[in-house]
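K.L.:
Handing you a structure now.
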Amino acid sequence: MTRALAEAHSERAGAPHAAGAPLARRRRRIDLLPYALVAPFALFVVLLAIVPAAWTIGLSFFHDAALDPPVRFAGFQNFITAFSSSSILQSSGNTVVYMVVGVVLSTIIGTAAALLLQTSFRGRSVVIAVLILPWALPGIVAGLIWVNVFDANTGLLNSVLTSLHVITDYRVWVGDNRLLTVFLIELVQVWQMVPLSALLILAALQNVPDELYEAARLDGCSGWALIRRISVPLARPGIAIAAVQSVVATLNIFDQPYALNGQADAGASLTMQTYFVSFQNLDFGQGYALALVIAVATVIVSFGVLKLVYRQVEY
């Protein structure tokens, strides 16, 4: 009798635990679900971003040249040797010019285009679709298109300028003068970057309430005052993102100068020199060092531009 009562008591005592066990397991599965969903993306980032970055950082301090084995620790020698080269120093200067011209022009033109597209008009969707086309082109394709524009013998630019009597003879536009070469190559990249900048800034402008414009008009604000006091300040998050993407694109420019000017130093960028050092000279240690310099410069300049331009907006 006592044993039967004890067994019945134990069954009643264990019943809640038995009923609660599936619920606890279900809760554990639900808690693990977000991690399971994020895991593939996290693995992708680790394998394709963090691991190569760590590999680059590590090997940039080693002498790794296929024509001068074996691999050995070199400290900062790769950086010193790389930046002792006149070609790399000139390419660094070119890259700075690419960045300054590209960021300024793409941001200003992108902001102007976004302000024009902010108002509704007939054919607006068609204009936006056409605007996206340059951005959709690969950089090497855009470069080859503009080769026909700048060609010294049959180029469209020479043809138009001679027809308008601006110049009397056909000229070499790309490759003759260093600053002109860099500027014209960067114009091609700006032509490609402006659509994305305009769309990013336009997205920020679409979030500005119409009531703010109506109230400003009632207070007597002109169109220019609306742009200066409402549109541009409230679109600064979008402008900041557009400027940062321009920084990343210009500091890593490769396709346009390679298509327009080949391997000539006049328009070479630091990314091009990284390619030449790594795959032509087969000095992978210096290539890793240059890649690390470009990556660090991109992060620092992007952060600086973000801090300079970005402001939190509250409506």
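Within each chain, counting starts at residue 1; across the structure tokens, chains are named A, B, ... in the order shown, with ligands numbered 1 upward in that order.
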Using only C-alpha atoms, tabulate the residues of stretch 178-249 of chain A lying at most 12 Å from any atom of stretch 148-167 of chain A, each with its closest atom pair and that distance in Å to one decimal, by chain and increasing residue number, as a Markdown table.
P.N.:
```
| residue | atom | partner | partner_atom | distance |
| --- | --- | --- | --- | --- |
| A:Leu180 | CA | A:Phe150 | CA | 11.8 |
| A:Thr181 | CA | A:Phe150 | CA | 10.3 |
| A:Leu184 | CA | A:Phe150 | CA | 8.9 |
| A:Ile185 | CA | A:Phe150 | CA | 10.0 |
| A:Leu187 | CA | A:Phe150 | CA | 11.8 |
| A:Val188 | CA | A:Val149 | CA | 10.7 |
```
K.L.:
What would the file look like if the residues just selected were written as a compact mmCIF listing (two decimals), in the first residue's frame with N, CA, C and O atoms?
P.N.:
```txt
# COMPACT_ATOMS: atom_id res chain seq x y z
N LEU A 180 45.90 66.22 -66.75
CA LEU A 180 44.76 66.12 -67.65
C LEU A 180 44.33 64.67 -67.81
O LEU A 180 43.13 64.37 -67.86
N THR A 181 45.29 63.77 -67.88
CA THR A 181 44.97 62.34 -68.01
C THR A 181 44.19 61.85 -66.81
O THR A 181 43.16 61.18 -66.94
N LEU A 184 40.59 63.41 -66.81
CA LEU A 184 39.68 62.83 -67.81
C LEU A 184 39.29 61.40 -67.44
O LEU A 184 38.13 61.00 -67.62
N ILE A 185 40.24 60.62 -66.92
CA ILE A 185 39.91 59.26 -66.49
C ILE A 185 38.92 59.31 -65.34
O ILE A 185 37.96 58.52 -65.29
N LEU A 187 36.74 61.62 -64.78
CA LEU A 187 35.44 62.01 -65.31
C LEU A 187 34.64 60.79 -65.77
O LEU A 187 33.41 60.74 -65.60
N VAL A 188 35.33 59.81 -66.33
CA VAL A 188 34.66 58.58 -66.75
C VAL A 188 34.10 57.85 -65.54
O VAL A 188 32.97 57.36 -65.56
```
K.L.:
I want to know what sits within 10 Å of A:Ser106, based on only C-alpha atoms, with residues of the same chain fewer than 3 positions away left out; could you give that as a list in words?
P.N.:
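Listed by chain and then number, they are Val101, Gly102, Val103, Ile109, Gly110, Thr111, Ala112, Leu187, Gln189, Val190, Trp191, Gln192, Met193, Val194, Pro195, Leu196, Ser197, Ala198, Ala242, Ala243 and Ser246 of chain A.
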K.L.:
Can I get the selected residues back with C-alpha atoms, as a tab-separated table (two decimals), in the first residue's frame?
P.N.:
```tsv
chain	number	residue	atom	x	y	z
A	101	VAL	CA	37.95	64.91	-57.86
A	102	GLY	CA	35.68	61.86	-57.82
A	103	VAL	CA	34.16	62.39	-54.39
A	109	ILE	CA	26.32	66.28	-59.35
A	110	GLY	CA	24.48	63.45	-57.58
A	111	THR	CA	22.88	65.92	-55.16
A	112	ALA	CA	21.80	68.19	-58.03
A	187	LEU	CA	35.44	62.01	-65.31
A	189	GLN	CA	34.41	57.11	-63.26
A	190	VAL	CA	32.28	60.05	-62.09
A	191	TRP	CA	29.97	59.39	-65.06
A	192	GLN	CA	29.53	55.90	-63.63
A	193	MET	CA	29.26	56.87	-59.95
A	194	VAL	CA	26.75	59.72	-60.27
A	195	PRO	CA	23.70	57.45	-60.84
A	196	LEU	CA	24.24	55.57	-57.58
A	197	SER	CA	24.96	58.80	-55.69
A	198	ALA	CA	21.80	60.38	-57.09
A	242	ALA	CA	27.01	58.52	-51.40
A	243	ALA	CA	30.30	60.20	-50.49
A	246	SER	CA	32.63	57.34	-53.91
```
K.L.:
According to DSSP computed on the backbone, where in stretch 48-270 of chain A is there strand (DSSP E)? Give the residues as a JSON list (two decimals) with N, CA, C and O atoms, in the first residue's frame.
P.N.:
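This went into selection10.json:
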```json
[["chain", "number", "residue", "atom", "x", "y", "z"],
["A", 62, "PHE", "N", 56.09, 39.54, -44.77],
["A", 62, "PHE", "CA", 56.99, 38.48, -45.21],
["A", 62, "PHE", "C", 57.48, 38.76, -46.63],
["A", 62, "PHE", "O", 56.74, 39.31, -47.45],
["A", 63, "HIS", "N", 58.71, 38.36, -46.89],
["A", 63, "HIS", "CA", 59.24, 38.42, -48.26],
["A", 63, "HIS", "C", 58.73, 37.19, -48.99],
["A", 63, "HIS", "O", 59.09, 36.06, -48.67],
["A", 72, "ARG", "N", 60.28, 34.43, -46.26],
["A", 72, "ARG", "CA", 60.95, 34.72, -44.99],
["A", 72, "ARG", "C", 60.41, 36.03, -44.41],
["A", 72, "ARG", "O", 59.91, 36.88, -45.14],
["A", 73, "PHE", "N", 60.56, 36.15, -43.12],
["A", 73, "PHE", "CA", 60.06, 37.35, -42.44],
["A", 73, "PHE", "C", 60.88, 38.56, -42.86],
["A", 73, "PHE", "O", 62.11, 38.52, -42.91]]
```
K.L.:
In stretch 79-246 of chain A, what's helix (DSSP H, G or I) per DSSP? Answer as a VMD selection string?
P.N.:
chain A and resid 79 to 82 86 to 118 124 to 136 139 to 150 156 to 163 178 to 206 210 to 218 223 to 234 236 to 246
K.L.:
What does the structure give for the distance between atom CA of A:Ser87 and atom CA of A:Tyr288, in Å to one decimal?
P.N.:
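Distance reported for this atom pair: 17.0 Å.
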K.L.:
Write out as a PDB file with all heavy atoms, in the first residue's frame each polymer residue whose atoms come within 8 Å of A:Ala66, counting only C-alpha atoms; drop sequence neighbours fewer than 5 positions from it.
P.N.:
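Writing the result to result_17.pdb gives the following:
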```pdb
ATOM      1  N   LEU A 282      55.830  39.383 -59.763  1.00  0.00           N
ATOM      2  CA  LEU A 282      55.691  38.188 -58.921  1.00  0.00           C
ATOM      3  C   LEU A 282      56.242  38.405 -57.517  1.00  0.00           C
ATOM      4  O   LEU A 282      56.729  37.473 -56.871  1.00  0.00           O
ATOM      5  CB  LEU A 282      56.385  36.989 -59.576  1.00  0.00           C
ATOM      6  CG  LEU A 282      55.829  36.557 -60.941  1.00  0.00           C
ATOM      7  CD1 LEU A 282      56.613  35.365 -61.473  1.00  0.00           C
ATOM      8  CD2 LEU A 282      54.357  36.233 -60.853  1.00  0.00           C
ATOM      9  N   ASP A 283      56.139  39.659 -57.045  1.00  0.00           N
ATOM     10  CA  ASP A 283      56.541  39.979 -55.670  1.00  0.00           C
ATOM     11  C   ASP A 283      55.271  40.100 -54.833  1.00  0.00           C
ATOM     12  O   ASP A 283      54.725  41.185 -54.642  1.00  0.00           O
ATOM     13  CB  ASP A 283      57.351  41.279 -55.640  1.00  0.00           C
ATOM     14  CG  ASP A 283      58.060  41.490 -54.312  1.00  0.00           C
ATOM     15  OD1 ASP A 283      57.621  40.893 -53.308  1.00  0.00           O
ATOM     16  OD2 ASP A 283      59.055  42.243 -54.274  1.00  0.00           O
ATOM     17  N   PHE A 284      54.819  38.963 -54.329  1.00  0.00           N
ATOM     18  CA  PHE A 284      53.534  38.937 -53.635  1.00  0.00           C
ATOM     19  C   PHE A 284      53.612  39.633 -52.278  1.00  0.00           C
ATOM     20  O   PHE A 284      52.609  40.163 -51.794  1.00  0.00           O
ATOM     21  CB  PHE A 284      53.061  37.499 -53.478  1.00  0.00           C
ATOM     22  CG  PHE A 284      52.857  36.790 -54.782  1.00  0.00           C
ATOM     23  CD1 PHE A 284      53.758  35.836 -55.219  1.00  0.00           C
ATOM     24  CD2 PHE A 284      51.782  37.113 -55.593  1.00  0.00           C
ATOM     25  CE1 PHE A 284      53.582  35.188 -56.443  1.00  0.00           C
ATOM     26  CE2 PHE A 284      51.595  36.483 -56.818  1.00  0.00           C
ATOM     27  CZ  PHE A 284      52.503  35.513 -57.239  1.00  0.00           C
TER      28      PHE A 284
END
```
K.L.:
Pick out the closest residue to A:Thr107 from this set: A:Ala39, A:Ala142, A:Leu290, A:Val232. Count only C-alpha atoms.
P.N.:
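Checking each candidate against A:Thr107, we get A:Val232 as the closest.
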K.L.:
Can you work out the spacing between atom CA of A:Leu133 and atom CA of A:Ala113 in Å, to one decimal?
P.N.:
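Computed distance, atom CA of A:Leu133 to atom CA of A:Ala113, equals 14.7 Å.
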